[in-house]
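K.L.:
Dropping in structure_34.tsv, which is TSV, C-alpha atoms and all ligand atoms:
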```
chain	number	residue	atom	x	y	z
A	1	VAL	CA	366.83	33.02	32.21
A	2	SER	CA	370.12	34.59	33.32
A	3	THR	CA	371.61	37.70	31.71
A	4	ASP	CA	374.22	35.45	29.96
A	5	THR	CA	371.51	33.51	28.14
A	6	PRO	CA	371.32	34.40	24.45
A	7	PRO	CA	367.84	35.64	23.49
A	8	ALA	CA	365.52	33.12	21.82
A	9	GLY	CA	365.82	34.99	18.51
A	10	ASP	CA	369.58	34.27	18.41
A	11	LEU	CA	369.04	30.55	18.99
A	12	ARG	CA	366.02	30.00	16.77
A	13	GLU	CA	367.99	29.30	13.62
A	14	GLU	CA	370.24	26.77	15.39
A	15	TYR	CA	367.19	25.28	17.09
A	16	ASP	CA	365.18	24.81	13.87
A	17	ALA	CA	368.15	23.33	12.02
A	18	LEU	CA	368.87	20.98	14.91
A	19	ALA	CA	365.23	19.85	15.16
A	20	ASP	CA	365.22	19.07	11.42
A	21	GLN	CA	368.48	17.20	11.69
A	22	VAL	CA	367.21	15.11	14.62
A	23	ARG	CA	364.01	14.28	12.68
A	24	ARG	CA	366.06	13.24	9.64
A	25	TYR	CA	368.35	11.02	11.72
A	26	ARG	CA	365.38	9.47	13.49
A	27	PHE	CA	363.74	8.66	10.16
A	28	ALA	CA	366.88	6.91	8.91
A	29	TYR	CA	367.24	5.02	12.19
A	30	TYR	CA	363.63	3.93	12.78
A	31	ASN	CA	362.15	3.75	9.32
A	32	GLU	CA	365.08	2.74	7.22
A	33	ASP	CA	366.98	0.79	9.92
A	34	SER	CA	370.02	2.56	8.57
A	35	PRO	CA	371.53	5.17	10.92
A	36	LEU	CA	373.39	8.10	9.42
A	37	VAL	CA	375.35	8.95	12.59
A	38	SER	CA	376.52	7.15	15.74
A	39	ASP	CA	374.20	6.97	18.74
A	40	ALA	CA	376.67	9.12	20.68
A	41	GLU	CA	376.49	11.84	18.02
A	42	PHE	CA	372.69	11.58	17.89
A	43	ASP	CA	372.48	11.84	21.69
A	44	ARG	CA	374.74	14.90	21.61
A	45	LEU	CA	372.48	16.73	19.14
A	46	TYR	CA	369.38	15.69	21.03
A	47	ARG	CA	370.84	16.98	24.28
A	48	ARG	CA	371.62	20.34	22.69
A	49	LEU	CA	368.00	20.53	21.57
A	50	GLU	CA	366.89	19.90	25.15
A	51	GLU	CA	369.37	22.47	26.41
A	52	ILE	CA	368.00	25.20	24.12
A	53	GLU	CA	364.45	24.27	25.10
A	54	ALA	CA	365.37	24.50	28.78
A	55	LEU	CA	366.75	28.02	28.18
A	56	HIS	CA	363.74	29.06	26.09
A	57	PRO	CA	360.64	26.96	26.75
A	58	GLU	CA	358.71	29.25	24.39
A	59	LEU	CA	360.52	27.57	21.48
A	60	VAL	CA	359.04	24.16	22.31
A	61	THR	CA	356.25	23.07	19.98
A	62	ASN	CA	354.06	19.97	20.25
A	63	ASP	CA	355.92	18.38	17.37
A	64	SER	CA	359.38	19.03	18.79
A	65	PRO	CA	361.42	15.78	18.76
A	66	THR	CA	361.66	16.09	22.55
A	67	GLN	CA	357.86	15.81	22.90
A	68	GLU	CA	357.42	12.71	20.77
A	69	VAL	CA	358.32	9.04	20.88
A	70	GLY	CA	360.65	8.93	17.90
A	71	GLY	CA	359.47	6.53	15.26
A	72	GLU	CA	356.98	6.72	12.46
A	73	VAL	CA	354.92	4.02	10.86
A	74	SER	CA	356.16	2.95	7.47
A	75	ALA	CA	353.57	2.55	4.70
A	76	ALA	CA	355.09	-0.87	4.03
A	77	PHE	CA	353.21	-2.28	7.06
A	78	ALA	CA	349.61	-2.11	8.21
A	79	PRO	CA	349.19	0.34	11.09
A	80	VAL	CA	348.24	-1.02	14.52
A	81	GLU	CA	346.84	1.09	17.35
A	82	HIS	CA	348.32	0.01	20.68
A	83	LEU	CA	345.64	-0.52	23.33
A	84	GLN	CA	347.86	1.39	25.76
A	85	ARG	CA	350.43	3.91	24.67
A	86	MET	CA	354.09	2.90	24.48
A	87	TYR	CA	356.78	5.23	25.73
A	88	SER	CA	360.46	5.86	25.31
A	89	LEU	CA	362.83	6.30	28.28
A	90	GLU	CA	364.44	9.34	29.84
A	91	ASP	CA	368.20	9.07	29.44
A	92	VAL	CA	370.90	10.10	31.90
A	93	PHE	CA	374.55	10.07	30.93
A	94	SER	CA	376.31	10.37	34.29
A	95	LEU	CA	375.98	9.02	37.80
A	96	ASP	CA	375.40	12.56	39.08
A	97	GLU	CA	372.38	12.89	36.80
A	98	LEU	CA	371.19	9.46	37.87
A	99	GLU	CA	371.44	10.36	41.54
A	100	ALA	CA	369.50	13.57	40.89
A	101	TRP	CA	366.77	11.51	39.18
A	102	VAL	CA	366.64	9.01	42.06
A	103	ARG	CA	366.39	11.78	44.69
A	104	LYS	CA	363.70	13.59	42.68
A	105	THR	CA	361.70	10.36	42.36
A	106	GLU	CA	362.10	9.64	46.07
A	107	GLY	CA	360.82	13.16	46.77
A	108	SER	CA	357.77	12.66	44.53
A	109	VAL	CA	357.01	9.31	46.15
A	110	ALA	CA	357.34	10.85	49.63
A	111	ASN	CA	354.58	13.30	48.62
A	112	ILE	CA	352.35	10.72	46.94
A	113	ALA	CA	352.71	7.93	49.48
A	114	PRO	CA	354.37	9.12	52.71
A	115	GLY	CA	356.46	6.38	54.30
A	116	ALA	CA	356.51	4.15	51.18
A	117	ARG	CA	359.85	2.50	50.46
A	118	ILE	CA	360.74	2.31	46.79
A	119	LYS	CA	361.96	-0.98	45.41
A	120	TRP	CA	364.13	-0.43	42.33
A	121	LEU	CA	363.71	-2.89	39.50
A	122	THR	CA	367.03	-2.80	37.65
A	123	GLU	CA	367.39	-4.28	34.19
A	124	LEU	CA	369.78	-4.27	31.30
A	125	LYS	CA	368.93	-1.85	28.51
A	126	ILE	CA	368.80	-4.27	25.61
A	127	ASP	CA	369.95	-2.77	22.36
A	128	GLY	CA	367.19	-4.02	20.12
A	129	LEU	CA	363.75	-3.12	18.86
A	130	ALA	CA	360.65	-2.69	21.02
A	131	VAL	CA	357.64	-4.87	20.22
A	132	ASN	CA	354.12	-5.05	21.57
A	133	LEU	CA	352.54	-8.51	21.71
A	134	LEU	CA	348.80	-8.83	22.18
A	135	TYR	CA	347.64	-12.05	23.87
A	136	ARG	CA	343.96	-12.90	24.19
A	137	ASN	CA	343.12	-15.86	26.44
A	138	GLY	CA	346.69	-17.06	26.07
A	139	GLU	CA	346.86	-16.82	22.26
A	140	LEU	CA	349.17	-14.43	20.46
A	141	VAL	CA	346.83	-12.50	18.18
A	142	ARG	CA	348.96	-9.56	17.05
A	143	ALA	CA	352.45	-8.13	17.20
A	144	ALA	CA	353.53	-4.59	16.39
A	145	THR	CA	356.55	-2.32	16.53
A	146	ARG	CA	356.46	0.68	18.89
A	147	GLY	CA	356.15	3.21	16.06
A	148	ASP	CA	355.28	6.64	17.39
A	149	GLY	CA	354.01	5.12	20.64
A	150	THR	CA	350.35	5.32	19.68
A	151	THR	CA	350.46	3.47	16.37
A	152	GLY	CA	352.94	0.77	15.44
A	153	GLU	CA	353.54	-1.46	12.44
A	154	ASP	CA	351.88	-4.87	12.13
A	155	ILE	CA	354.69	-7.44	12.19
A	156	THR	CA	352.63	-10.42	13.41
A	157	HIS	CA	353.80	-12.83	10.69
A	158	ASN	CA	357.42	-12.00	11.35
A	159	VAL	CA	357.12	-12.33	15.12
A	160	LEU	CA	355.53	-15.75	14.73
A	161	THR	CA	358.85	-16.98	13.34
A	162	ILE	CA	360.73	-16.17	16.57
A	163	ALA	CA	361.16	-19.37	18.55
A	164	SER	CA	361.36	-17.75	22.00
A	165	ILE	CA	358.00	-15.99	21.59
A	166	PRO	CA	355.20	-18.43	22.44
A	167	ARG	CA	352.16	-18.55	20.19
A	168	THR	CA	350.14	-20.09	23.03
A	169	LEU	CA	350.83	-19.49	26.71
A	170	LYS	CA	351.00	-22.32	29.25
A	171	GLY	CA	348.75	-22.50	32.28
A	172	GLU	CA	345.21	-21.82	33.38
A	173	ASN	CA	343.23	-18.71	34.18
A	174	LEU	CA	345.15	-16.72	31.63
A	175	PRO	CA	344.17	-13.05	31.30
A	176	ALA	CA	341.42	-12.27	28.81
A	177	GLU	CA	343.72	-9.71	27.26
A	178	MET	CA	347.22	-8.39	27.81
A	179	GLU	CA	349.81	-6.41	25.92
A	180	ILE	CA	353.35	-7.64	26.54
A	181	ARG	CA	356.17	-5.28	25.72
A	182	GLY	CA	359.67	-6.50	25.11
A	183	GLU	CA	362.83	-6.09	23.13
A	184	VAL	CA	363.68	-8.21	20.10
A	185	PHE	CA	367.43	-8.61	19.68
A	186	ILE	CA	370.13	-10.69	18.04
A	187	PRO	CA	372.26	-12.53	20.62
A	188	SER	CA	375.92	-11.46	20.51
A	189	LYS	CA	377.10	-15.00	19.70
A	190	ASP	CA	374.99	-15.00	16.52
A	191	PHE	CA	375.73	-11.50	15.27
A	192	ALA	CA	379.19	-12.11	13.79
A	193	HIS	CA	377.95	-15.24	12.01
A	194	LEU	CA	374.95	-13.38	10.60
A	195	ASN	CA	377.24	-10.73	9.17
A	196	GLU	CA	379.49	-13.39	7.64
A	197	THR	CA	376.50	-14.87	5.82
A	198	MET	CA	375.44	-11.40	4.63
A	199	VAL	CA	378.89	-10.78	3.19
A	200	GLU	CA	379.01	-14.25	1.60
A	201	ALA	CA	375.68	-13.46	-0.06
A	202	GLY	CA	377.21	-10.28	-1.49
A	203	LYS	CA	375.25	-7.98	0.84
A	204	ALA	CA	376.43	-5.25	3.16
A	205	PRO	CA	376.90	-6.35	6.77
A	206	PHE	CA	374.81	-4.81	9.54
A	207	ALA	CA	376.31	-1.89	11.45
A	208	ASN	CA	375.40	-3.37	14.84
A	209	PRO	CA	373.09	-5.98	16.43
A	210	ARG	CA	370.36	-3.37	16.98
A	211	ASN	CA	370.10	-2.56	13.31
A	212	ALA	CA	370.33	-6.23	12.43
A	213	ALA	CA	367.39	-6.96	14.75
A	214	ALA	CA	365.32	-4.05	13.45
A	215	GLY	CA	366.10	-4.83	9.81
A	216	SER	CA	365.35	-8.52	10.27
A	217	LEU	CA	362.04	-7.92	11.98
A	218	ARG	CA	360.80	-5.26	9.60
A	219	GLN	CA	360.89	-7.52	6.55
A	220	LYS	CA	358.09	-7.87	4.02
A	221	ASP	CA	358.79	-11.59	3.73
A	222	PRO	CA	358.52	-13.55	7.02
A	223	GLU	CA	360.74	-16.27	5.54
A	224	VAL	CA	363.64	-13.85	5.63
A	225	THR	CA	362.87	-13.05	9.27
A	226	ALA	CA	362.68	-16.77	10.04
A	227	ARG	CA	366.30	-17.23	8.93
A	228	ARG	CA	367.57	-14.53	11.32
A	229	PRO	CA	368.62	-15.50	14.86
A	230	LEU	CA	366.12	-13.28	16.69
A	231	SER	CA	365.33	-13.52	20.37
A	232	MET	CA	363.24	-11.53	22.85
A	233	TYR	CA	363.07	-10.52	26.51
A	234	VAL	CA	359.99	-9.04	28.11
A	235	HIS	CA	360.40	-5.62	29.77
A	236	GLY	CA	356.91	-4.33	30.34
A	237	ILE	CA	353.20	-4.72	30.17
A	238	GLY	CA	350.53	-2.52	28.64
A	239	ALA	CA	346.74	-2.88	28.67
A	240	ARG	CA	345.45	-5.91	30.56
A	241	GLU	CA	342.16	-7.45	31.52
A	242	GLY	CA	341.88	-10.23	34.05
A	243	LEU	CA	345.37	-9.81	35.46
A	244	ASP	CA	345.69	-8.68	39.04
A	245	VAL	CA	349.30	-7.82	39.83
A	246	ALA	CA	350.88	-5.31	42.19
A	247	SER	CA	354.36	-4.89	40.77
A	248	GLN	CA	356.41	-5.31	37.65
A	249	SER	CA	358.66	-8.00	39.15
A	250	GLU	CA	355.60	-9.98	40.28
A	251	THR	CA	354.29	-9.70	36.71
A	252	TYR	CA	357.58	-11.05	35.34
A	253	ASP	CA	357.27	-14.11	37.63
A	254	LEU	CA	353.83	-14.85	36.21
A	255	LEU	CA	354.85	-14.21	32.61
A	256	GLN	CA	357.76	-16.58	33.05
A	257	GLN	CA	355.46	-19.32	34.34
A	258	TRP	CA	353.28	-18.82	31.29
A	259	GLY	CA	356.28	-19.35	29.02
A	260	LEU	CA	357.23	-15.80	28.10
A	261	PRO	CA	360.97	-15.05	27.95
A	262	THR	CA	361.97	-12.86	30.90
A	263	SER	CA	365.55	-11.70	31.29
A	264	PRO	CA	367.84	-13.63	33.64
A	265	TYR	CA	369.61	-10.38	34.45
A	266	TYR	CA	367.03	-8.23	36.26
A	267	LYS	CA	367.15	-7.53	40.01
A	268	VAL	CA	364.87	-5.92	42.59
A	269	LEU	CA	366.99	-3.70	44.84
A	270	ASP	CA	366.30	-1.69	47.99
A	271	THR	CA	368.93	1.01	47.92
A	272	TYR	CA	370.65	3.40	45.53
A	273	GLU	CA	374.00	1.93	46.59
A	274	GLU	CA	372.89	-1.46	45.31
A	275	VAL	CA	371.77	0.15	42.05
A	276	LEU	CA	375.26	1.65	41.67
A	277	LYS	CA	376.81	-1.76	42.24
A	278	TYR	CA	374.54	-3.28	39.56
A	279	ILE	CA	375.62	-0.57	37.11
A	280	ALA	CA	379.32	-1.09	37.88
A	281	GLU	CA	379.16	-4.89	37.66
A	282	ASN	CA	377.28	-4.98	34.39
A	283	GLY	CA	379.47	-2.25	32.94
A	284	GLU	CA	382.53	-4.33	33.72
A	285	HIS	CA	381.05	-7.53	32.29
A	286	ARG	CA	379.23	-5.84	29.45
A	287	HIS	CA	380.75	-8.03	26.80
A	288	ASP	CA	380.17	-11.28	28.66
A	289	LEU	CA	376.40	-10.83	28.51
A	290	SER	CA	374.35	-12.76	25.98
A	291	HIS	CA	373.24	-9.58	24.16
A	292	GLU	CA	374.43	-6.04	23.53
A	293	ILE	CA	373.41	-3.39	26.01
A	294	ASP	CA	373.66	0.38	25.86
A	295	GLY	CA	372.86	1.00	29.49
A	296	ILE	CA	370.84	0.06	32.53
A	297	VAL	CA	367.15	0.73	33.06
A	298	ILE	CA	365.98	1.61	36.56
A	299	LYS	CA	362.25	1.36	37.32
A	300	VAL	CA	360.03	1.90	40.33
A	301	ASP	CA	358.76	-1.65	40.77
A	302	ASP	CA	355.38	-0.97	42.40
A	303	PHE	CA	352.49	-0.47	39.95
A	304	ALA	CA	350.50	1.84	42.25
A	305	LEU	CA	353.53	4.14	42.47
A	306	GLN	CA	354.12	3.88	38.70
A	307	ARG	CA	350.54	5.01	38.10
A	308	ALA	CA	350.83	7.86	40.60
A	309	LEU	CA	354.10	9.09	39.08
A	310	GLY	CA	352.61	8.94	35.56
A	311	ASN	CA	354.21	9.84	32.22
A	312	THR	CA	355.20	12.85	30.17
A	313	SER	CA	354.20	12.88	26.49
A	314	ARG	CA	357.37	10.89	25.74
A	315	VAL	CA	358.59	8.99	28.80
A	316	PRO	CA	357.41	7.44	32.07
A	317	ARG	CA	358.37	9.39	35.20
A	318	TRP	CA	358.95	6.13	37.09
A	319	SER	CA	361.82	4.92	34.96
A	320	VAL	CA	365.18	6.11	33.66
A	321	ALA	CA	367.92	4.76	31.42
A	322	TYR	CA	371.51	5.21	32.53
A	323	LYS	CA	373.67	5.15	29.38
A	324	TYR	CA	377.22	3.83	29.58
A	325	PRO	CA	379.84	5.99	27.91
A	326	PRO	CA	380.04	5.18	24.17
A	327	GLU	CA	382.63	2.72	22.99
A	328	GLU	CA	385.15	3.33	20.25
A	329	VAL	CA	384.01	0.45	18.09
A	330	ASN	CA	380.65	2.09	17.32
A	331	THR	CA	382.26	4.95	15.51
A	332	LYS	CA	384.51	2.67	13.48
A	333	LEU	CA	381.54	0.79	12.08
A	334	LEU	CA	379.68	3.88	11.09
A	335	ASP	CA	380.56	4.09	7.46
A	336	ILE	CA	379.04	0.75	6.71
A	337	ARG	CA	375.67	1.16	5.03
A	338	VAL	CA	373.11	-1.12	6.53
A	339	ASN	CA	371.44	-3.74	4.46
A	340	VAL	CA	367.93	-4.87	5.43
B	401	LIG	P1	365.87	4.43	23.89
B	401	LIG	O1	366.21	3.33	22.97
B	401	LIG	O2	366.97	5.18	24.48
B	401	LIG	O3	365.00	3.90	25.09
B	401	LIG	C1	363.69	3.46	25.02
B	401	LIG	C2	363.60	2.05	24.56
B	401	LIG	O4	364.49	1.22	25.26
B	401	LIG	C3	362.27	1.41	24.82
B	401	LIG	O5	361.32	1.77	23.86
B	401	LIG	C4	362.61	-0.04	24.74
B	401	LIG	O6	362.44	-0.50	23.44
B	401	LIG	C5	364.08	-0.10	25.03
B	401	LIG	N1	364.48	-0.95	26.16
B	401	LIG	C6	365.55	-1.78	26.14
B	401	LIG	N2	365.66	-2.42	27.29
B	401	LIG	C7	364.64	-2.02	28.07
B	401	LIG	C8	364.24	-2.34	29.38
B	401	LIG	N3	364.89	-3.21	30.14
B	401	LIG	N4	363.15	-1.71	29.87
B	401	LIG	C9	362.46	-0.83	29.13
B	401	LIG	N5	362.80	-0.47	27.86
B	401	LIG	C10	363.88	-1.06	27.35
B	401	LIG	O7	364.89	5.41	23.28
B	401	LIG	P2	364.42	5.66	21.84
B	401	LIG	O8	363.58	6.85	21.96
B	401	LIG	O9	363.88	4.45	21.20
B	401	LIG	O10	365.71	5.97	21.03
B	401	LIG	C11	366.70	6.73	21.43
B	401	LIG	C12	367.94	5.91	21.25
B	401	LIG	O11	368.08	5.56	19.91
B	401	LIG	C13	369.14	6.69	21.65
B	401	LIG	O12	370.06	5.83	22.25
B	401	LIG	C14	369.69	7.17	20.36
B	401	LIG	O13	371.08	7.24	20.40
B	401	LIG	C15	369.26	6.11	19.40
B	401	LIG	N6	369.00	6.75	18.12
B	401	LIG	C16	370.04	6.83	17.29
B	401	LIG	C17	369.88	7.45	16.08
B	401	LIG	C18	371.06	7.51	15.14
B	401	LIG	O14	370.93	8.14	14.10
B	401	LIG	N7	372.16	6.87	15.48
B	401	LIG	C19	368.66	8.02	15.73
B	401	LIG	C20	367.61	7.93	16.62
B	401	LIG	C21	367.79	7.29	17.82
```
Can I see the file as structure tokens?
P.N.:
Amino acid sequence: VSTDTPPAGDLREEYDALADQVRRYRFAYYNEDSPLVSDAEFDRLYRRLEEIEALHPELVTNDSPTQEVGGEVSAAFAPVEHLQRMYSLEDVFSLDELEAWVRKTEGSVANIAPGARIKWLTELKIDGLAVNLLYRNGELVRAATRGDGTTGEDITHNVLTIASIPRTLKGENLPAEMEIRGEVFIPSKDFAHLNETMVEAGKAPFANPRNAAAGSLRQKDPEVTARRPLSMYVHGIGAREGLDVASQSETYDLLQQWGLPTSPYYKVLDTYEEVLKYIAENGEHRHDLSHEIDGIVIKVDDFALQRALGNTSRVPRWSVAYKYPPEEVNTKLLDIRVNV
């Protein structure tokens, strides 16, 4: 702590107020599917919280928003314990921060596995809602939201209405058990039409496709969910039994053969320069994609390295989300109250 750093006592009031504010905004966003501020504003407050904690680690408590996966379980749904914990993602907001993350990860890997070459799995950061699908011997037996990462909400009946999520997987020798993680979203082409029908029905339109997806999936009545144009792409795997795979991209190949929806947009890249190109290209064509994105996710592809790098209480150390600068339109839509 440098001599210019205000003492912790001076920052405590700001810190406590900020932590409360972040919790309140998270509740509105995750539990009510009705954000009170823009994502850019939320990210700004969250960053300030991290900044104060970096100056004064003694302020950090176990229930600080920075130590938790943000999302509670609403009493409206039955709670579901995930077999393996679900995490959030570390965010970076500039290419300098991204490069620092890449170099740090390369340094860690050089210590863990000298001589190993990292393959970077690059994906679009889909602006939707995370789900956890449990398949046993190829049958979908349960679906849950991420919740606080340990416990999610049972949304099985709603997920069964989504056409792109198979109830039964194709193929033989299917794993005895596996948790498939993915993002449920509303394709861009369907979002405007959905909002038109909301307005025609005398309801408030959704603020953005993310809230529309979350609100549509977290319905008490699956028939309402069934009428919403929901889709999903797989972006991870949790607990598994009877599945022997060495990397995430290899897993995606298998999941695709079994009928699960993998994204057409992911790439496995060898160098940071290629990652930068992927970011630039998708940033430029952001609105030509089939769904909304709020960034790019970069992952270490190899599972042995993922395991060795591990996780913090909130995020994996083998993955990062690069967030594109916010767009004007988000702030314009803010005043609209979200209807679920
Ligand atoms: P996050 O959304 O930034 O990142 C983690 C999530 O990204 C994962 O759980 C997963 O669901 C999703 N994801 C999408 N594509 C993925 C991919 N290819 N691979 C892996 N994961 C992928 O983290 P978060 O903790 O859920 O939420 C933070 C975000 O939510 C921030 O962007 C923040 O702005 C927003 N937020 C906004 C408000 C608000 O009031 N506006 C409140 C809370 C959170």
K.L.:
I'd like the interatomic distance between atom CA of Arg146 of chain A and atom CA of Met86 of chain A, to a tenth of an Å.
P.N.:
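Taking atom CA of Arg146 of chain A and atom CA of Met86 of chain A, their separation equals 6.5 Å.
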K.L.:
Per residue of segment 189-293 of chain A within 9 Å of segment 303-306 of chain A, what are the shortest atom pair and its distance in Å to one decimal, counting all atoms listed in the file, with rows by chain and residue number, as CSV?
P.N.:
```
residue,atom,partner,partner_atom,distance
A:Val245,CA,A:Phe303,CA,8.0
A:Ala246,CA,A:Phe303,CA,5.6
A:Ser247,CA,A:Phe303,CA,4.9
A:Gln248,CA,A:Phe303,CA,6.6
```
K.L.:
Excluding same-chain residues fewer than 5 positions from Phe27 of chain A, what lies within 8 Å of it counting all atoms listed in the file, as a ChimeraX atom specification?
P.N.:
/A:32,71-72
K.L.:
I need the residue nearest ligand LIG 401 (chain B) from this list: A:Asp63, A:Glu53, A:Glu90, A:Asp39. Use all atoms listed in the file for the distance.
P.N.:
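The closest residue to ligand LIG 401 (chain B) is A:Asp39.
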K.L.:
Using all atoms listed in the file, list the residues that have an atom at most 6 Å from (363.9, -9.8, 20.9), coordinates as in the file, as a ChimeraX atom specification.
P.N.:
/A:183-185,230-233
K.L.:
Write the residues of the selection above to a file with C-alpha atoms, as an mmCIF file, in the coordinates of the input.
P.N.:
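In the end it all went to again14.cif:
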```
data_model
loop_
_atom_site.group_PDB
_atom_site.id
_atom_site.type_symbol
_atom_site.label_atom_id
_atom_site.label_comp_id
_atom_site.auth_asym_id
_atom_site.auth_seq_id
_atom_site.Cartn_x
_atom_site.Cartn_y
_atom_site.Cartn_z
ATOM 1 C CA GLU A 183 362.830 -6.090 23.130
ATOM 2 C CA VAL A 184 363.680 -8.210 20.100
ATOM 3 C CA PHE A 185 367.430 -8.610 19.680
ATOM 4 C CA LEU A 230 366.120 -13.280 16.690
ATOM 5 C CA SER A 231 365.330 -13.520 20.370
ATOM 6 C CA MET A 232 363.240 -11.530 22.850
ATOM 7 C CA TYR A 233 363.070 -10.520 26.510
#
```
K.L.:
For each of A:Leu95, A:Ala17, A:Val102, A:Val131, take the minimum atom-to-atom distance to ligand LIG 401 (chain B), counting all atoms listed in the file, then give the residue where this is smallest.
P.N.:
A:Val131
K.L.:
What does the distance between atom C15 of ligand LIG 401 (chain B) and atom CA of Val268 of chain A come to in Å, to one decimal place?
P.N.:
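Straight-line distance from atom C15 of ligand LIG 401 (chain B) to atom CA of Val268 of chain A works out to 26.5 Å.
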K.L.:
Please provide the set of residues having any atom within 10 Å of Tyr30 of chain A, restricted to all atoms listed in the file, with same-chain residues fewer than 6 positions apart removed, written as a compact mmCIF listing (two decimals) with C-alpha atoms, keeping the file's coordinate frame.
P.N.:
```
# COMPACT_ATOMS: atom_id res chain seq x y z
CA GLY A 70 360.65 8.93 17.90
CA GLY A 71 359.47 6.53 15.26
CA GLU A 72 356.98 6.72 12.46
CA VAL A 73 354.92 4.02 10.86
CA SER A 74 356.16 2.95 7.47
CA LEU A 129 363.75 -3.12 18.86
CA ARG A 146 356.46 0.68 18.89
CA GLY A 147 356.15 3.21 16.06
CA ASP A 148 355.28 6.64 17.39
CA ASN A 211 370.10 -2.56 13.31
CA ALA A 214 365.32 -4.05 13.45
CA GLY A 215 366.10 -4.83 9.81
```
K.L.:
Tell me which of A:His235, A:Arg181, A:Lys220, A:Arg307 sits closest to ligand LIG 401 (chain B), counting all atoms listed in the file.
P.N.:
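Among the listed residues, A:His235 lies closest to ligand LIG 401 (chain B).
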K.L.:
Have a look at A:Pro222, A:Pro209, A:Gly295, A:Pro35 and name the one nearest to ligand LIG 401 (chain B); count only C-alpha atoms and all ligand atoms.
P.N.:
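When distances to ligand LIG 401 (chain B) are compared using only C-alpha atoms and all ligand atoms, the smallest one comes from A:Pro35.
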K.L.:
Quick one: everything within 12 Å of Asp16 of chain A, counting all atoms listed in the file, minus sequence neighbours fewer than 2 positions away in the same chain. Send it as a list in words.
P.N.:
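Listing them by chain and then by number gives Ala8, Gly9, Asp10, Leu11, Arg12, Glu13, Glu14, Leu18, Ala19, Asp20, Gln21, Val22, Arg23, Arg48, Leu49, Ile52, Glu53, Leu59, Val60, Thr61, Asp63, Ser64 and Pro65 of chain A.
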K.L.:
Counting only C-alpha atoms and all ligand atoms, which of A:Ile155, A:Ala204, A:Val141, A:Leu121 gets nearest to ligand LIG 401 (chain B)?
P.N.:
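Counting only C-alpha atoms and all ligand atoms, the residue closest to ligand LIG 401 (chain B) is A:Leu121.
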K.L.:
Fewer than 2 positions away in the same chain doesn't count, so skip those; otherwise give me all residues within 8 Å of segment 163-179 of chain A, counting all atoms listed in the file, as a list of chain:residue names.
P.N.:
A:Leu83, A:Asn132, A:Leu133, A:Leu134, A:Tyr135, A:Arg136, A:Asn137, A:Gly138, A:Glu139, A:Leu140, A:Val159, A:Leu160, A:Thr161, A:Arg181, A:Ser231, A:Met232, A:Ile237, A:Gly238, A:Ala239, A:Arg240, A:Glu241, A:Gly242, A:Leu243, A:Gln257, A:Trp258, A:Gly259, A:Leu260, A:Pro261
K.L.:
Taking (359.5, -6.4, 40.3) in the file's own coordinates, collect the residues within 10 Å, counting only C-alpha atoms, and hand them back as a list in words.
P.N.:
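Here the neighbourhood of the point contains Lys119, Trp120, Leu121, Thr122, Ala246, Ser247, Gln248, Ser249, Glu250, Thr251, Tyr252, Asp253, Tyr266, Lys267, Val268, Leu269, Lys299, Val300, Asp301, Asp302 and Phe303 of chain A.
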K.L.:
Between A:Arg24, A:Arg218, A:Arg228, A:Arg142, which is the closest to ligand LIG 401 (chain B) once you count all atoms listed in the file?
P.N.:
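Nearest candidate to ligand LIG 401 (chain B) out of A:Arg24, A:Arg218, A:Arg228, A:Arg142: A:Arg24.
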K.L.:
For segment 290-305 of chain A, what centre and edge lengths in Å (one decimal) does the axis-aligned box get once 4 Å is added on each side of all its listed atoms, as lines of an AutoDock Vina configuration file?
P.N.:
```
center_x = 362.5
center_y = -4.3
center_z = 33.0
size_x = 31.9
size_y = 24.9
size_z = 26.9
```
K.L.:
Just give me the gap between atom CA of Leu276 of chain A and atom CA of Ile298 of chain A in Å, one decimal is fine.
P.N.:
10.6 Å
K.L.:
Missing atoms in segment 284-291 of chain A: fill them in up to N, CA and C atoms and send the result as a CSV table (one decimal), in the coordinates of the input.
P.N.:
```csv
chain,number,residue,atom,x,y,z
A,284,GLU,N,381.3,-3.6,33.8
A,284,GLU,CA,382.5,-4.3,33.7
A,284,GLU,C,382.4,-5.6,32.9
A,285,HIS,N,381.2,-6.3,33.0
A,285,HIS,CA,381.0,-7.5,32.3
A,285,HIS,C,380.2,-7.4,31.1
A,286,ARG,N,380.1,-6.2,30.6
A,286,ARG,CA,379.2,-5.8,29.4
A,286,ARG,C,379.3,-6.8,28.3
A,287,HIS,N,380.6,-7.2,28.0
A,287,HIS,CA,380.8,-8.0,26.8
A,287,HIS,C,380.6,-9.5,27.1
A,288,ASP,N,380.4,-9.9,28.3
A,288,ASP,CA,380.2,-11.3,28.7
A,288,ASP,C,378.7,-11.6,28.7
A,289,LEU,N,377.8,-10.6,28.5
A,289,LEU,CA,376.4,-10.8,28.5
A,289,LEU,C,376.0,-11.5,27.2
A,290,SER,N,374.8,-12.0,27.2
A,290,SER,CA,374.4,-12.8,26.0
A,290,SER,C,373.9,-11.8,24.9
A,291,HIS,N,373.7,-10.5,25.2
A,291,HIS,CA,373.2,-9.6,24.2
A,291,HIS,C,373.9,-8.2,24.4
```
